[in-house]
$ cat model30.pdb   # PDB, C-alpha atoms
ATOM      1  CA  MET A1008      11.396   6.637  28.532
ATOM      2  CA  LEU A1009      12.741   9.629  30.450
ATOM      3  CA  GLY A1010      15.555  10.377  28.008
ATOM      4  CA  ILE A1011      18.525  10.114  30.383
ATOM      5  CA  THR A1012      21.703  10.607  28.351
ATOM      6  CA  HIS A1013      24.677   9.913  30.624
ATOM      7  CA  LEU A1014      26.118   9.773  34.117
ATOM      8  CA  ARG A1015      27.284  13.213  35.293
ATOM      9  CA  HIS A1016      28.581  13.049  38.848
ATOM     10  CA  ILE A1017      28.241  11.513  42.275
ATOM     11  CA  SER A1018      28.102  13.361  45.576
ATOM     12  CA  MET A1019      29.167  11.757  48.847
ATOM     13  CA  ILE A1020      28.725  12.542  52.531
ATOM     14  CA  THR A1021      31.860  11.925  54.588
ATOM     15  CA  PRO A1022      33.122  12.592  58.129
ATOM     16  CA  ASN A1023      36.707  12.304  56.783
ATOM     17  CA  PHE A1024      36.206  15.396  54.660
ATOM     18  CA  ASP A1025      39.666  16.964  54.730
ATOM     19  CA  ASP A1026      41.661  13.746  54.257
ATOM     20  CA  GLN A1027      39.361  12.532  51.524
ATOM     21  CA  ALA A1028      39.462  15.848  49.656
ATOM     22  CA  GLU A1029      43.252  15.904  49.803
ATOM     23  CA  PHE A1030      43.429  12.324  48.514
ATOM     24  CA  TYR A1031      41.331  12.993  45.423
ATOM     25  CA  GLU A1032      43.340  16.086  44.548
ATOM     26  CA  LYS A1033      46.867  14.998  45.468
ATOM     27  CA  VAL A1034      46.761  11.258  44.750
ATOM     28  CA  TRP A1035      43.778  10.211  42.628
ATOM     29  CA  GLY A1036      44.325  12.864  39.961
ATOM     30  CA  LEU A1037      41.204  15.046  40.047
ATOM     31  CA  ASP A1038      41.241  18.863  40.068
ATOM     32  CA  ARG A1039      39.370  20.972  42.574
ATOM     33  CA  VAL A1040      36.800  23.159  40.890
ATOM     34  CA  ASP A1041      37.203  26.857  41.612
ATOM     35  CA  VAL A1042      33.877  27.825  43.204
ATOM     36  CA  PRO A1043      32.975  30.322  45.921
ATOM     37  CA  GLU A1044      34.303  29.090  49.247
ATOM     38  CA  GLU A1045      32.070  26.518  50.870
ATOM     39  CA  GLU A1046      33.493  25.237  54.123
ATOM     40  CA  ASN A1047      31.593  21.967  54.053
ATOM     41  CA  MET A1048      31.607  21.121  50.345
ATOM     42  CA  VAL A1049      34.223  20.574  47.670
ATOM     43  CA  TYR A1050      33.858  19.797  43.952
ATOM     44  CA  PHE A1051      36.249  17.895  41.691
ATOM     45  CA  ARG A1052      36.448  17.708  37.913
ATOM     46  CA  GLY A1053      38.063  15.218  35.577
ATOM     47  CA  ALA A1054      39.922  15.874  32.336
ATOM     48  CA  GLY A1055      36.637  15.805  30.373
ATOM     49  CA  PRO A1056      34.153  18.651  29.832
ATOM     50  CA  GLU A1057      31.756  17.746  32.683
ATOM     51  CA  HIS A1058      31.693  20.580  35.237
ATOM     52  CA  HIS A1059      32.399  18.175  38.094
ATOM     53  CA  ILE A1060      32.317  14.430  38.506
ATOM     54  CA  LEU A1061      32.608  14.213  42.299
ATOM     55  CA  SER A1062      31.548  16.377  45.212
ATOM     56  CA  LEU A1063      32.069  15.790  48.916
ATOM     57  CA  HIS A1064      29.775  16.983  51.717
ATOM     58  CA  ARG A1065      31.035  17.126  55.286
ATOM     59  CA  GLY A1066      28.769  15.007  57.497
ATOM     60  CA  GLU A1067      28.696  12.894  60.623
ATOM     61  CA  LYS A1068      28.113   9.574  58.832
ATOM     62  CA  ARG A1069      29.336   8.497  55.417
ATOM     63  CA  GLY A1070      26.848   7.780  52.673
ATOM     64  CA  LEU A1071      25.461   8.833  49.327
ATOM     65  CA  HIS A1072      24.271  12.414  48.867
ATOM     66  CA  HIS A1073      23.075  12.075  45.268
ATOM     67  CA  ILE A1074      23.797  10.673  41.817
ATOM     68  CA  ALA A1075      23.352  13.007  38.835
ATOM     69  CA  PHE A1076      22.396  11.993  35.296
ATOM     70  CA  GLY A1077      22.264  14.227  32.233
ATOM     71  CA  MET A1078      19.343  15.145  30.002
ATOM     72  CA  VAL A1079      19.195  16.953  26.668
ATOM     73  CA  ASP A1080      17.445  20.180  27.654
ATOM     74  CA  LYS A1081      14.946  21.927  29.926
ATOM     75  CA  ASN A1082      11.983  20.389  28.094
ATOM     76  CA  ALA A1083      13.330  16.907  28.789
ATOM     77  CA  VAL A1084      13.629  17.689  32.506
ATOM     78  CA  ASP A1085      10.084  19.083  32.643
ATOM     79  CA  ARG A1086       8.754  16.092  30.759
ATOM     80  CA  ALA A1087      10.593  13.733  33.112
ATOM     81  CA  ALA A1088       8.972  15.443  36.096
ATOM     82  CA  GLY A1089       5.533  14.768  34.662
ATOM     83  CA  ILE A1090       6.320  11.107  34.054
ATOM     84  CA  LEU A1091       7.792  10.635  37.527
ATOM     85  CA  GLN A1092       4.781  12.264  39.174
ATOM     86  CA  SER A1093       2.389  10.100  37.173
ATOM     87  CA  LYS A1094       4.206   7.016  38.482
ATOM     88  CA  GLY A1095       4.065   8.153  42.097
ATOM     89  CA  VAL A1096       7.769   8.934  42.440
ATOM     90  CA  ARG A1097       8.579  11.375  45.243
ATOM     91  CA  ILE A1098      10.155  14.531  43.823
ATOM     92  CA  ILE A1099      12.043  16.437  46.503
ATOM     93  CA  GLU A1100      13.216  19.331  44.300
ATOM     94  CA  PRO A1101      10.857  20.201  41.411
ATOM     95  CA  PRO A1102      12.228  21.361  38.054
ATOM     96  CA  GLY A1103      14.137  24.601  38.340
ATOM     97  CA  TYR A1104      17.547  26.211  38.105
ATOM     98  CA  LEU A1105      19.934  24.294  40.332
ATOM     99  CA  ASP A1106      21.655  25.848  43.315
ATOM    100  CA  GLU A1107      24.958  23.995  43.007
ATOM    101  CA  ALA A1108      28.292  24.440  41.297
ATOM    102  CA  GLY A1109      27.798  24.174  37.554
ATOM    103  CA  ALA A1110      24.208  25.404  37.878
ATOM    104  CA  GLY A1111      21.972  24.044  35.118
ATOM    105  CA  TYR A1112      18.297  23.164  35.152
ATOM    106  CA  GLY A1113      17.103  20.029  36.853
ATOM    107  CA  LEU A1114      15.128  18.152  39.467
ATOM    108  CA  ARG A1115      15.771  15.675  42.242
ATOM    109  CA  PHE A1116      13.748  12.676  43.359
ATOM    110  CA  ILE A1117      14.273   9.658  45.569
ATOM    111  CA  ASP A1118      14.290   6.085  44.346
ATOM    112  CA  PRO A1119      12.607   3.210  46.251
ATOM    113  CA  GLU A1120      15.636   2.824  48.551
ATOM    114  CA  ASN A1121      15.856   6.560  49.360
ATOM    115  CA  ARG A1122      18.754   7.403  47.056
ATOM    116  CA  VAL A1123      18.592  10.976  45.810
ATOM    117  CA  ILE A1124      18.772  11.094  42.015
ATOM    118  CA  GLU A1125      19.305  14.320  40.066
ATOM    119  CA  LEU A1126      18.348  14.829  36.427
ATOM    120  CA  SER A1127      19.860  17.923  34.849
ATOM    121  CA  ALA A1128      20.464  19.812  31.621
ATOM    122  CA  TRP A1129      22.294  22.970  30.616
ATOM    123  CA  VAL A1130      25.014  22.395  33.231
ATOM    124  CA  GLU A1131      28.113  24.491  32.617
ATOM    125  CA  VAL A1132      30.978  22.722  30.873
ATOM    126  CA  GLN A1133      34.629  23.129  31.776
ATOM    127  CA  THR A1134      36.540  25.558  29.602
ATOM    128  CA  SER A1135      39.605  26.008  31.828
ATOM    129  CA  ILE A1136      42.842  24.238  30.978
ATOM    130  CA  TRP A1137      43.266  20.822  32.567
ATOM    131  CA  SER A1138      46.397  20.423  34.689
ATOM    132  CA  LYS A1139      48.064  17.449  32.975
ATOM    133  CA  LYS A1140      49.313  14.681  35.277
ATOM    134  CA  ASN A1141      50.614  11.150  34.806
ATOM    135  CA  VAL A1142      47.049   9.958  35.462
ATOM    136  CA  ASP A1143      44.124  12.020  34.162
ATOM    137  CA  PRO A1144      40.718  10.576  35.099
ATOM    138  CA  VAL A1145      38.433  11.707  32.296
ATOM    139  CA  LYS A1146      34.980  11.169  33.729
ATOM    140  CA  LEU A1147      32.799   9.074  35.960
ATOM    141  CA  ASN A1148      32.496   5.760  34.133
ATOM    142  CA  HIS A1149      29.941   4.018  36.360
ATOM    143  CA  VAL A1150      28.661   3.672  39.898
ATOM    144  CA  VAL A1151      27.584   0.470  41.645
ATOM    145  CA  MET A1152      25.047   0.467  44.460
ATOM    146  CA  ASN A1153      24.167  -2.272  46.911
ATOM    147  CA  THR A1154      20.471  -3.087  47.207
ATOM    148  CA  LYS A1155      18.267  -5.134  49.519
ATOM    149  CA  ASN A1156      15.969  -6.090  46.627
ATOM    150  CA  LEU A1157      17.660  -6.571  43.266
ATOM    151  CA  ASP A1158      14.528  -7.348  41.257
ATOM    152  CA  MET A1159      12.598  -4.402  42.670
ATOM    153  CA  ILE A1160      15.313  -1.823  42.046
ATOM    154  CA  VAL A1161      16.070  -3.111  38.531
ATOM    155  CA  GLU A1162      12.369  -2.906  37.683
ATOM    156  CA  PHE A1163      12.262   0.715  38.888
ATOM    157  CA  TYR A1164      15.339   1.802  36.934
ATOM    158  CA  THR A1165      14.169   0.090  33.751
ATOM    159  CA  ASP A1166      10.386   0.567  33.797
ATOM    160  CA  VAL A1167      10.327   4.053  35.357
ATOM    161  CA  LEU A1168      13.665   5.633  34.430
ATOM    162  CA  GLY A1169      14.215   3.908  31.084
ATOM    163  CA  PHE A1170      17.534   2.147  31.683
ATOM    164  CA  LYS A1171      18.190  -1.116  29.864
ATOM    165  CA  VAL A1172      19.628  -4.291  31.360
ATOM    166  CA  THR A1173      22.880  -5.085  29.580
ATOM    167  CA  ASP A1174      24.021  -8.103  31.582
ATOM    168  CA  TRP A1175      23.492 -10.057  34.775
ATOM    169  CA  SER A1176      26.087 -11.630  37.028
ATOM    170  CA  GLU A1177      23.865 -14.599  37.866
ATOM    171  CA  HIS A1178      21.172 -13.166  40.158
ATOM    172  CA  GLN A1179      23.719 -11.201  42.194
ATOM    173  CA  MET A1180      24.330  -8.127  40.018
ATOM    174  CA  SER A1181      22.558  -6.293  37.226
ATOM    175  CA  PHE A1182      24.352  -3.917  34.837
ATOM    176  CA  LEU A1183      22.197  -1.078  33.475
ATOM    177  CA  ARG A1184      22.873   1.330  30.608
ATOM    178  CA  CYS A1185      21.411   4.654  29.522
ATOM    179  CA  ASN A1186      23.522   4.956  26.357
ATOM    180  CA  ARG A1187      25.831   2.704  24.321
ATOM    181  CA  LYS A1188      28.252   2.132  27.201
ATOM    182  CA  HIS A1189      27.854  -1.273  28.859
ATOM    183  CA  HIS A1190      26.672   0.244  32.145
ATOM    184  CA  SER A1191      26.435   3.588  33.876
ATOM    185  CA  ILE A1192      24.934   2.140  37.041
ATOM    186  CA  ALA A1193      24.809  -1.379  38.421
ATOM    187  CA  PHE A1194      23.172  -2.958  41.445
ATOM    188  CA  ASN A1195      24.523  -5.680  43.712
ATOM    189  CA  GLN A1196      22.304  -7.761  45.983
ATOM    190  CA  ASP A1197      23.296  -7.255  49.622
ATOM    191  CA  GLU A1198      21.836  -7.030  53.112
ATOM    192  CA  HIS A1199      21.339  -3.272  52.891
ATOM    193  CA  ALA A1200      21.396  -0.311  50.525
ATOM    194  CA  SER A1201      24.776   1.433  50.293
ATOM    195  CA  VAL A1202      27.488   2.552  47.894
ATOM    196  CA  ASN A1203      29.426  -0.425  46.526
ATOM    197  CA  HIS A1204      32.030   1.421  44.443
ATOM    198  CA  ILE A1205      32.639   4.385  42.146
ATOM    199  CA  ALA A1206      34.557   3.956  38.875
ATOM    200  CA  TYR A1207      36.649   6.669  37.225
ATOM    201  CA  GLU A1208      37.616   6.283  33.587
ATOM    202  CA  VAL A1209      41.181   6.692  32.368
ATOM    203  CA  ASP A1210      42.288   6.549  28.742
ATOM    204  CA  SER A1211      44.576   3.537  28.812
ATOM    205  CA  VAL A1212      45.906   0.603  30.752
ATOM    206  CA  ASP A1213      49.198   2.504  31.038
ATOM    207  CA  GLU A1214      47.444   5.265  32.963
ATOM    208  CA  LEU A1215      45.681   2.707  35.122
ATOM    209  CA  MET A1216      48.998   1.128  36.068
ATOM    210  CA  ARG A1217      50.527   4.531  36.818
ATOM    211  CA  GLY A1218      47.512   5.195  39.023
ATOM    212  CA  ILE A1219      48.292   2.041  40.989
ATOM    213  CA  SER A1220      51.836   3.344  41.467
ATOM    214  CA  ASN A1221      50.584   6.734  42.670
ATOM    215  CA  VAL A1222      48.247   5.186  45.236
ATOM    216  CA  ARG A1223      50.939   2.819  46.470
ATOM    217  CA  LYS A1224      53.353   5.724  46.930
ATOM    218  CA  ALA A1225      50.670   7.390  49.085
ATOM    219  CA  GLY A1226      50.792   4.369  51.384
ATOM    220  CA  LEU A1227      47.667   2.541  50.209
ATOM    221  CA  SER A1228      47.442  -0.896  48.636
ATOM    222  CA  GLU A1229      45.075  -2.010  45.915
ATOM    223  CA  LEU A1230      41.927  -3.684  47.243
ATOM    224  CA  TRP A1231      41.286  -5.807  44.148
ATOM    225  CA  GLY A1232      43.115  -5.970  40.850
ATOM    226  CA  PRO A1233      44.484  -5.206  38.407
ATOM    227  CA  GLY A1234      42.384  -7.479  36.243
ATOM    228  CA  ARG A1235      39.846  -7.578  33.427
ATOM    229  CA  HIS A1236      36.168  -8.203  34.106
ATOM    230  CA  GLY A1237      33.915 -10.538  32.124
ATOM    231  CA  PRO A1238      30.754  -8.368  32.179
ATOM    232  CA  GLY A1239      31.793  -5.087  30.544
ATOM    233  CA  ASP A1240      35.208  -6.431  29.450
ATOM    234  CA  ASN A1241      36.833  -3.486  31.251
ATOM    235  CA  ILE A1242      40.235  -3.386  32.914
ATOM    236  CA  PHE A1243      39.975  -2.558  36.611
ATOM    237  CA  CYS A1244      41.775  -1.883  39.852
ATOM    238  CA  TYR A1245      39.973  -1.057  43.104
ATOM    239  CA  PHE A1246      41.114   0.928  46.141
ATOM    240  CA  GLN A1247      39.587   2.256  49.353
ATOM    241  CA  ASP A1248      39.802   6.003  49.944
ATOM    242  CA  PRO A1249      40.449   7.661  53.354
ATOM    243  CA  GLY A1250      36.687   7.969  53.896
ATOM    244  CA  GLY A1251      36.159   4.234  53.476
ATOM    245  CA  PHE A1252      34.519   4.383  50.042
ATOM    246  CA  VAL A1253      35.713   1.993  47.349
ATOM    247  CA  MET A1254      36.808   3.554  44.077
ATOM    248  CA  GLU A1255      38.083   2.104  40.826
ATOM    249  CA  TYR A1256      40.314   3.104  37.953
ATOM    250  CA  THR A1257      38.889   1.569  34.782
ATOM    251  CA  CYS A1258      39.311   1.678  31.004
ATOM    252  CA  TYR A1259      38.073   0.004  27.824
ATOM    253  CA  LEU A1260      34.488  -0.596  28.966
ATOM    254  CA  GLU A1261      32.477  -2.462  26.346
ATOM    255  CA  THR A1262      30.306  -0.459  23.934
ATOM    256  CA  ILE A1263      26.985  -1.733  22.584
ATOM    257  CA  GLU A1264      27.383  -1.453  18.817
ATOM    258  CA  ASP A1265      23.866  -2.504  17.770
ATOM    259  CA  GLU A1266      21.035  -1.895  20.246
ATOM    260  CA  SER A1267      18.556  -3.852  18.144
ATOM    261  CA  GLU A1268      20.687  -6.989  18.310
ATOM    262  CA  TRP A1269      21.729  -6.864  21.970
ATOM    263  CA  ARG A1270      20.325  -9.413  24.395
ATOM    264  CA  ALA A1271      21.216  -9.393  28.076
ATOM    265  CA  ARG A1272      23.588 -12.178  29.021
ATOM    266  CA  VAL A1273      23.827 -14.040  32.317
ATOM    267  CA  TRP A1274      27.423 -14.464  33.449
ATOM    268  CA  LYS A1275      28.376 -17.214  35.873
ATOM    269  CA  ARG A1276      30.138 -16.013  39.012
ATOM    270  CA  VAL A1277      33.347 -17.944  38.540
ATOM    271  CA  PRO A1278      36.922 -16.673  39.008
ATOM    272  CA  HIS A1279      37.906 -16.660  35.319
ATOM    273  CA  LEU A1280      34.914 -14.420  34.455
ATOM    274  CA  MET A1281      35.398 -12.051  37.388
ATOM    275  CA  ASP A1282      38.947 -11.585  36.106
ATOM    276  CA  GLN A1283      39.651 -12.840  32.588
ATOM    277  CA  TRP A1284      43.401 -12.455  33.081
ATOM    278  CA  GLY A1285      43.483 -14.813  36.061
ATOM    279  CA  ILE A1286      45.648 -12.404  38.068
ATOM    280  CA  ALA A1287      43.243 -10.789  40.529
ATOM    281  CA  GLY A1288      40.745 -13.624  40.819
ATOM    282  CA  PRO A1289      37.534 -12.967  42.778
ATOM    283  CA  PRO A1290      37.570 -10.226  45.434
ATOM    284  CA  LYS A1291      38.967 -11.252  48.806
ATOM    285  CA  PRO A1292      36.804 -11.058  51.978
ATOM    286  CA  GLU A1293      38.236  -7.673  52.969
ATOM    287  CA  ALA A1294      37.373  -6.286  49.524
ATOM    288  CA  ARG A1295      33.818  -7.614  49.718
ATOM    289  CA  LYS A1296      33.450  -6.111  53.194
ATOM    290  CA  ALA A1297      34.653  -2.715  51.989
ATOM    291  CA  MET A1298      32.282  -2.814  48.997
ATOM    292  CA  GLY A1299      29.419  -3.711  51.334
ATOM    293  CA  GLY A1300      29.721  -0.299  52.948
ATOM    294  CA  ASP A1301      27.613   0.934  55.848
ATOM    295  CA  PRO A1302      23.803   0.652  55.759
ATOM    296  CA  ASP A1303      22.579   3.856  54.108
ATOM    297  CA  PRO A1304      18.929   4.753  54.793
ATOM    298  CA  GLY A1305      19.270   8.048  52.886
ATOM    299  CA  TRP A1306      19.490  11.551  54.281
ATOM    300  CA  VAL A1307      16.377  13.280  52.959
ATOM    301  CA  ASP A1308      13.842  12.445  55.667
ATOM    302  CA  SER A1309      16.206  13.146  58.553
ATOM    303  CA  HIS A1310      17.159  16.440  56.915
ATOM    304  CA  ILE A1311      13.511  17.451  56.580
ATOM    305  CA  GLU A1312      12.749  16.385  60.137
ATOM    306  CA  GLY A1313      15.759  18.369  61.381
ATOM    307  CA  SER A1314      14.575  21.460  59.512
ATOM    308  CA  VAL A1315      11.101  21.142  61.021
ATOM    309  CA  MET A1316      12.507  20.744  64.544
ATOM    310  CA  ALA A1317      14.771  23.781  64.057
ATOM    311  CA  LYS A1318      11.763  25.925  63.194
ATOM    312  CA  LYS A1319       9.829  24.927  66.345
TER     313      LYS A1319
END

$ encode --input "model30.pdb" --output "structure tokens"
Amino acid sequence: MLGITHLRHISMITPNFDDQAEFYEKVWGLDRVDVPEEENMVYFRGAGPEHHILSLHRGEKRGLHHIAFGMVDKNAVDRAAGILQSKGVRIIEPPGYLDEAGAGYGLRFIDPENRVIELSAWVEVQTSIWSKKNVDPVKLNHVVMNTKNLDMIVEFYTDVLGFKVTDWSEHQMSFLRCNRKHHSIAFNQDEHASVNHIAYEVDSVDELMRGISNVRKAGLSELWGPGRHGPGDNIFCYFQDPGGFVMEYTCYLETIEDESEWRARVWKRVPHLMDQWGIAGPPKPEARKAMGGDPDPGWVDSHIEGSVMAKK
């Protein structure tokens, strides 16, 4: 067990950098984090104490930059590095003080489908006053990734990283937890690895509905929802941002009250369990296409190769 405590943030690569950054600040409800000017990066915080929950990197092709999870302290990070190395996991940034907004101490490695995963501790918390809005996303609730091999990736995240399987949606999706929340990350079987969607937590269904209104006023329609899922029991509504990524407002995600008693359930993929309210139903073809995303081989190897070529 690595001792991962929670989901911190997600970082995305996008060619629609300016439009996407404006959307998350002006429409979605996040606040830009005041950091030294970086022309090709921007950080966003939620209403909670996490330093940032989203960062955007300017790039030629959209994809995942990294997902960050929290750990208790420096010793936990160092211990995790030893475990990962013993299991043959490729560490691309060994334990050390992080060169990113919020600093902290951490490491980065790549999973079997070339996603960059960060483990960090001692990251700065937000102490500045939150600018209250009619929708105040608190934190990153969960992320869902598409995978070419569901069994393989679930085995890695459970056996190597210490996540636990909370539920299955038949053999199409697996919901994984690192704390008492139903899931912090989930995987969906698809034809390629990519980002499926990113979920931001709000405090109430009232906020979620106001969020729908805000996005509509900005000229965008909901992609799927509102509704209430079976697995996780959370209320949801999905949208597609200007960069093409799918994001979700969510609230009331199920909490595991007794770890010793919990057994993973297998949910049938039927309309009344995808949406218990019977309003949204299953996602429409355009929603499924958007959640499929673009094939994402990962950026690490091309970045390293580019650096080597630049030095020649």

$ closest_atom_pairs --input "model30.pdb" --of "region 1095-1204 of chain A" --to "region 1266-1286 of chain A" --cutoff "8 Å" --atoms "only C-alpha atoms" --output "CSV"
residue,atom,partner,partner_atom,distance
A:Val1172,CA,A:Ala1271,CA,6.3
A:Thr1173,CA,A:Ala1271,CA,4.9
A:Asp1174,CA,A:Ala1271,CA,4.7
A:Trp1175,CA,A:Val1273,CA,4.7
A:Ser1176,CA,A:Trp1274,CA,4.8
A:Glu1177,CA,A:Val1273,CA,5.6
A:Arg1187,CA,A:Glu1266,CA,7.8

$ closest_atom_pairs --input "model30.pdb" --of "region 1152-1213 of chain A" --to "region 1262-1265 of chain A" --cutoff "10 Å" --atoms "only C-alpha atoms" --output "JSON lines"
{"residue": "A:Thr1173", "atom": "CA", "partner": "A:Ile1263", "partner_atom": "CA", "distance": 8.8}
{"residue": "A:Arg1184", "atom": "CA", "partner": "A:Ile1263", "partner_atom": "CA", "distance": 9.5}
{"residue": "A:Asn1186", "atom": "CA", "partner": "A:Ile1263", "partner_atom": "CA", "distance": 8.4}
{"residue": "A:Arg1187", "atom": "CA", "partner": "A:Ile1263", "partner_atom": "CA", "distance": 4.9}
{"residue": "A:Lys1188", "atom": "CA", "partner": "A:Thr1262", "partner_atom": "CA", "distance": 4.6}
{"residue": "A:His1189", "atom": "CA", "partner": "A:Thr1262", "partner_atom": "CA", "distance": 5.6}
{"residue": "A:His1190", "atom": "CA", "partner": "A:Thr1262", "partner_atom": "CA", "distance": 9.0}

$ resolve_selection --input "model30.pdb" --expression "the PyMOL selection byres ((chain A and resi 1152) around 12)" --output "PyMOL selection string"
chain A and resi 1017+1070-1071+1073-1074+1120+1122+1149-1151+1153-1157+1160-1161+1179-1183+1191-1206+1252-1253+1298-1303

$ closest_residue --input "model30.pdb" --among "A:Arg1115, A:Trp1231, A:Val1096, A:Tyr1050" --to "Gln1027 (chain A)" --atoms "all atoms listed in the file"
A:Tyr1050

$ residues_around --input "model30.pdb" --residues "Ile1219 (chain A)" --least-positions-apart "5" --cutoff "9 Å" --atoms "all atoms listed in the file" --output "ChimeraX atom specification"
/A:1214,1224,1228-1229,1233,1244,1246,1256

$ closest_residue --input "model30.pdb" --among "A:Glu1032, A:Glu1046, A:Asp1118, A:Glu1067" --to "Lys1140 (chain A)" --atoms "all atoms listed in the file"
A:Glu1032

$ atom_distance --input "model30.pdb" --atom1 "CA of Lys1291 (chain A)" --atom2 "CA of Ser1062 (chain A)"
28.8 Å

$ residues_near_point --input "model30.pdb" --point "(7.9, 19.1, 33.6)" --cutoff "12 Å" --atoms "all atoms listed in the file" --output "count of residues only"
24

$ closest_residue --input "model30.pdb" --among "A:Thr1165, A:Leu1037, A:Gly1053, A:Gly1066" --to "Ile1011 (chain A)" --atoms "only C-alpha atoms"
A:Thr1165

$ residues_near_point --input "model30.pdb" --point "(38.9, 2.0, 24.4)" --cutoff "8 Å" --atoms "only C-alpha atoms" --output "PDB file with C-alpha atoms, in the frame of the given file"
ATOM      1  CA  ASP A1210      42.288   6.549  28.742  1.00  0.00           C
ATOM      2  CA  SER A1211      44.576   3.537  28.812  1.00  0.00           C
ATOM      3  CA  CYS A1258      39.311   1.678  31.004  1.00  0.00           C
ATOM      4  CA  TYR A1259      38.073   0.004  27.824  1.00  0.00           C
ATOM      5  CA  LEU A1260      34.488  -0.596  28.966  1.00  0.00           C
TER       6      LEU A1260
END

$ atom_distance --input "model30.pdb" --atom1 "CA of Asp1041 (chain A)" --atom2 "CA of Gly1109 (chain A)"
10.6 Å

$ atom_distance --input "model30.pdb" --atom1 "CA of Trp1035 (chain A)" --atom2 "CA of Leu1215 (chain A)"
10.8 Å

$ closest_residue --input "model30.pdb" --among "A:Glu1255, A:Asp1240, A:Glu1162, A:Asp1038" --to "Met1216 (chain A)" --atoms "all atoms listed in the file"
A:Glu1255

$ closest_residue --input "model30.pdb" --among "A:Val1034, A:Val1209, A:Val1042, A:Ala1294" --to "Phe1243 (chain A)" --atoms "all atoms listed in the file"
A:Val1209
